[in-house]
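Undergrad: Here you go, one structure.
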Amino acid sequence: MKSLVAAIGAFVVGLLLTWLCLYTLSHAHLPHLGQKRSGCDVDHCGPSWVAPATLVFLLLPAVGFAFTGYVAARRGWTVRKTGGIFAILIVATTLLFTCMFML
């Protein structure tokens with residue numbers, strides 16, 4: 001039961017981190033490194049696989065956090081080890097979204 005609660009809590013933390021990254025980056029004025037934006041949104045112009053791929057991209061960090069929380073609770077990791085791995089996940093998630101936002 002403790003592992004399930006840890007996994008759900010970590011999943012919520014992953015979702016909140018994803019929301020915080022997307023909210024912050026949508027209000028930041030970052031330079032775009034890729035091609036010029038066309039003004040076409042995914043719902044009307046994109047292929048059919050883009051919407052599910054975007055959903056997976058948005059949920060992947062939360063699933064990673066949930067898995068890590070479950071394993072940490074199941075194996076009885078120390079607070080220091082758990083905090084270190086979650087810090088690495090936070091940095092990796094933030095860098096991933098920042099890099100994708102700049103393209």
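Going through the structure tokens in order, the chains are called A, B, and so on, while each chain numbers its residues from 1 and the ligands are numbered from 1 in the order shown.
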Give me, as a ChimeraX atom specification, the residues of chain A that a backbone DSSP run labels helix (DSSP H, G or I).
TA: /A:2-27,42-45,50-75,79-102
Undergrad: Find the distance between CA of Leu17 in chain A and CA of Phe65 in chain A and write it in Å to one decimal.
TA: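 It comes out at 10.1 Å.
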Undergrad: From the set A:Trp77, A:Phe86, A:Trp49, A:Phe101, which residue has the shortest atom-to-atom contact distance to Ala62 in chain A, counting only C-alpha atoms?
TA: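 Under the stated criterion, the closest residue is A:Phe86.
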Undergrad: Between A:Thr54, A:Met102, A:Leu89, A:His27, single out the one closest to Gly69 in chain A, counting only C-alpha atoms.
TA: A:Leu89
Undergrad: So, with only C-alpha atoms as the atoms that count, which of A:Gly76, A:Gly84, A:Gly64, A:Pro47 lies closest to Ala10 in chain A?
TA: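 Among the listed residues, the smallest separation from Ala10 in chain A belongs to A:Gly64.
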Undergrad: Point out the residue among A:Cys21, A:Ser48, A:Ala73, A:Leu59 with the least atom-to-atom distance to Gly9 in chain A, counting only C-alpha atoms.
TA: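 Under the stated criterion, the closest residue is A:Ala73.
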